[in-house]
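Inspection log for the structure reproduced underneath, given as structure tokens.
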Amino acid sequence: MTLPIQPTLKIRQIVQGKNPREYFDPAEMAELEESIRALGVIEPIVVRPIPGSDLYEIIAGERRWRAAKNVFGDDYDMPITFKAVGDADAEAMAVSENYHRASMSAAEEARAAQRQLHRNHGDREETARAMGWSPDVLDRRLALLTCTPEVLKALTERRIQIGHAELLAGIAPDKQDSVLAGIVTHKVTVAVLKAQLGKFARKLADAIFDTAPCVSCPHNSARQAGLFVESLGEGYCQHPSHFEELTQQAVQARADALRDEYPVIRIVKASDGFAPLPVGADGDLGVGESQYAACQGCQSFGCAVSAMPGSYGQVTASLCFDAACNSQKVALWRKAQREALQEDTLAADAAMKPGTSRTAKPTRAKPAAKASNQTPQRVVSHRLSEWRKWTARALMKQPQRNQRVLIALARYGHAGDARVIEYGVAMNRIAGGWTSESGWGLASHLSRADQLAPEHLDPLVQAVAASAAFGVTERDLLALLNYLEVEEADYFKWDKEFLDLFTMSELESLAGEVGLKKAMGSRFKVVRAARKPEFIAALLGVNSFAYQGTVPAVMRYPRQSLGGAARPEGHRASLAQAEQEALEAEPA
């Protein structure tokens, strides 16, 4: 019987191919060399010819080739099997051969699978078939590529087990290498690592953000559980910092959605040591109904949005953010209740005396002081701007007082409070105005003024004082308002621009103060639940409410006396003195 001759090649004719195996364990190689020294190479290696040369490239069997070369040298006749295949098939054969020998690392297999998948244009079924794997094996190997290069290297070099790599694949890449160092240094077992990672994982059930994208996330423990033997199970995010980032974004979005509702929205973190200060009409910290209505329009009224584990996104409403003011209001309400109780007791005692009517009723507790709040700065700024406009218009309507204001400004040393821009607007409206150009001197302006029509002179002089309304200080502005006896109702208008200044809680307080809430009746509760634009439209459309003549307290200026000062101080005294001097100069 004639046996076929086993083809061989000199080792020098054989070169390394694109072996997916990257690591050759020294102990295993030493054992293989001892076996080859004793018995030779029993199983042929697989090679393919390299076009244009007399060399052959290894497809499978590099470990045997290396060992034989070390033992016998380059002249050894290496048993070979020829395969004329392309790059894709060559690598698939190499992976399959190594996989079934159970000596190639999972990291090496993962990289090889990735290259094969790329060659097959993403066809997973074709890739798995070419490599002799099941689709599940392919998915498990590809999932390992979420590990960092250091983790894959450690797996290849057998410094960690595949269970370690499977668990590390689920955590954030920027944390993997530091955890790996701890595993290697302290020889942490897979079971211990699993328990430690479980302490830092976040429950997806606690998330307040949309978790739909988490389904395909590599850090979702459910995905890990479906692929790997070692996982934390289902329902966990293994990327705490990303979970925290998404949570903070969701908390911020929830806070932003409340901007129209409250003046103050506080996002509370565990490190803040925040203690909420509830404010309400009743209870131990109650301030009474009328004061609570005013508190809702205060700049320190608001809510807190939790950014703390266990209560992410929870909103605590009706809070006061001015502890001193709140304490004062609570104390006033308690005092009022005590006084009312004393009055009730006295009334009851009086009712028991002979000759006293038995129909006497106990009194009800009333606030000890008028309800007040802290006006939001945005409303204060708007009010000041409106007061200046009202003052300017009043000065144009009152010629004699206008002259006296001008005299008082000059006497006060504040003639410079007249504003060029506002005066220019008035001049343009009265006489067409003129444009000041660079280099114009007083002579040029005198020439231009000399051309003005006589009928324009008086109103243009009045406009000088009117323009000063935009330059005086707030204190002096209040003096002007009082001197001119400006009636707010003559100027104030209810419109969207005004109501847009307020949050929803402030609007509710405002509506209660002026009677809009009462005028709307049961409809108020319905429109209060709507969005801000719809709420404002409803507040401006109440047929039974007298808008004209109704001025909210926030737009009224404080009434002051201008005279009586022994030592003139400031603009108020100057105004009073100027008026007195002017009156004395008038003929009897």
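FYI, nothing fancy with the structure tokens labels: chains A, B, ... in order, residues from 1 per chain, ligands from 1 as they appear.
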
Next on the checklist: For A:Ala553, find every residue with an atom within 10 Å (counting only C-alpha atoms), except residues of its own chain fewer than 6 positions away, and show them as a ChimeraX atom specification.
Outcome noted: /A:510,513-514

May I have the selected residues written with all heavy atoms, as a PDB file, in the first residue's frame?
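Writing the result to result.pdb gives the following:
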```pdb
ATOM      1  N   LEU A 510     -51.741  89.288  42.078  1.00  0.00           N
ATOM      2  CA  LEU A 510     -52.189  90.567  41.526  1.00  0.00           C
ATOM      3  C   LEU A 510     -53.694  90.555  41.253  1.00  0.00           C
ATOM      4  O   LEU A 510     -54.407  91.510  41.571  1.00  0.00           O
ATOM      5  CB  LEU A 510     -51.418  90.851  40.233  1.00  0.00           C
ATOM      6  CG  LEU A 510     -51.710  92.170  39.524  1.00  0.00           C
ATOM      7  CD1 LEU A 510     -51.201  93.334  40.351  1.00  0.00           C
ATOM      8  CD2 LEU A 510     -51.067  92.184  38.139  1.00  0.00           C
ATOM      9  N   GLU A 513     -55.587  90.881  44.422  1.00  0.00           N
ATOM     10  CA  GLU A 513     -55.494  92.218  45.018  1.00  0.00           C
ATOM     11  C   GLU A 513     -56.467  93.205  44.373  1.00  0.00           C
ATOM     12  O   GLU A 513     -57.163  93.951  45.069  1.00  0.00           O
ATOM     13  CB  GLU A 513     -54.064  92.733  44.864  1.00  0.00           C
ATOM     14  CG  GLU A 513     -53.869  94.168  45.343  1.00  0.00           C
ATOM     15  CD  GLU A 513     -52.869  94.927  44.496  1.00  0.00           C
ATOM     16  OE1 GLU A 513     -51.845  94.327  44.095  1.00  0.00           O
ATOM     17  OE2 GLU A 513     -53.117  96.116  44.226  1.00  0.00           O
ATOM     18  N   VAL A 514     -56.555  93.225  43.046  1.00  0.00           N
ATOM     19  CA  VAL A 514     -57.365  94.242  42.365  1.00  0.00           C
ATOM     20  C   VAL A 514     -58.816  93.819  42.159  1.00  0.00           C
ATOM     21  O   VAL A 514     -59.629  94.615  41.703  1.00  0.00           O
ATOM     22  CB  VAL A 514     -56.742  94.612  41.002  1.00  0.00           C
ATOM     23  CG1 VAL A 514     -55.341  95.163  41.186  1.00  0.00           C
ATOM     24  CG2 VAL A 514     -56.719  93.405  40.051  1.00  0.00           C
TER      25      VAL A 514
END
```

Checklist entry - A:Leu516: which residues within 8 Å, counting only C-alpha atoms, same-chain residues fewer than 6 positions away excluded, as an NGL selection string? => result :A and (539 or 542 or 545)

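Among the candidate residues A:Lys389, A:Ala546, A:Pro376, A:Asp77, the one lying nearest to A:Glu488 is A:Lys389, with distances computed using only C-alpha atoms.
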
Item to check | Test item: residues at most 10 Å from A:Ser105, only C-alpha atoms, excluding those fewer than 5 positions along its chain, as number ranges by chain | outcome: A: 20-24, 98-99, 110, 152-153, 155-158, 161-162

Selection to disk with C-alpha atoms, as a short mmCIF file (atom, residue, chain, number, x, y, z; two decimals), in the first residue's frame:
```
data_model
loop_
_atom_site.label_atom_id
_atom_site.label_comp_id
_atom_site.auth_asym_id
_atom_site.auth_seq_id
_atom_site.Cartn_x
_atom_site.Cartn_y
_atom_site.Cartn_z
CA PRO A 20 -5.61 37.22 14.99
CA ARG A 21 -3.71 35.79 17.93
CA GLU A 22 -1.58 38.53 19.51
CA TYR A 23 -0.31 36.82 22.64
CA PHE A 24 1.60 33.56 22.97
CA ASN A 98 -7.87 29.04 17.21
CA TYR A 99 -11.37 29.20 18.64
CA ALA A 110 -13.23 40.08 19.19
CA LEU A 152 -8.42 43.77 26.19
CA LYS A 153 -4.66 43.49 26.55
CA LEU A 155 -7.56 39.64 28.90
CA THR A 156 -5.24 38.56 26.07
CA GLU A 157 -2.34 38.15 28.47
CA ARG A 158 -4.51 36.14 30.90
CA GLN A 161 -10.64 36.36 33.26
CA ILE A 162 -13.29 36.85 30.64
#
```

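Within stretch 121-307 of chain A, DSSP run on the backbone puts these residues in strand (DSSP E or B): Arg202, Lys203, Asn220, Tyr236, Cys237, Val264, Ile265, Arg266, Ile267, Val268, Pro278, Gly280, Gly286, Phe301, Gly302, Cys303, Ala304, Val305 and Ser306 of chain A.
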
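Proximity to A:Ala270 at 10 Å, evaluated using only C-alpha atoms and with sequence-adjacent residues fewer than 3 positions away removed, yields Gly273, Phe274, Ser306, Ala307, Met308 and Pro309 of chain A.
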
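Shortest atom-to-atom contact with A:Asp476 among A:Gln560, A:Ser444, A:Gln548, A:Gln451: A:Gln560, counting only C-alpha atoms.
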
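Closest approach to A:Arg259 among A:Cys303, A:Gln403, A:Ile430, A:Ser381: A:Cys303, based on only C-alpha atoms.
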
Checklist entry - Using the chain letters and numbers from this document, which residues of stretch 286-508 of chain A does DSSP assign to alpha helix (DSSP H), as an NGL selection string? => result :A and (289-295 or 323-351 or 377-397 or 399-412 or 420-431 or 442-449 or 454-468 or 474-483 or 496-499 or 504-508)

Checklist entry - Hey, which of A:His445, A:Lys518, A:His239, A:Lys335 ends up closest to A:Leu197? Count only C-alpha atoms. => result A:His239
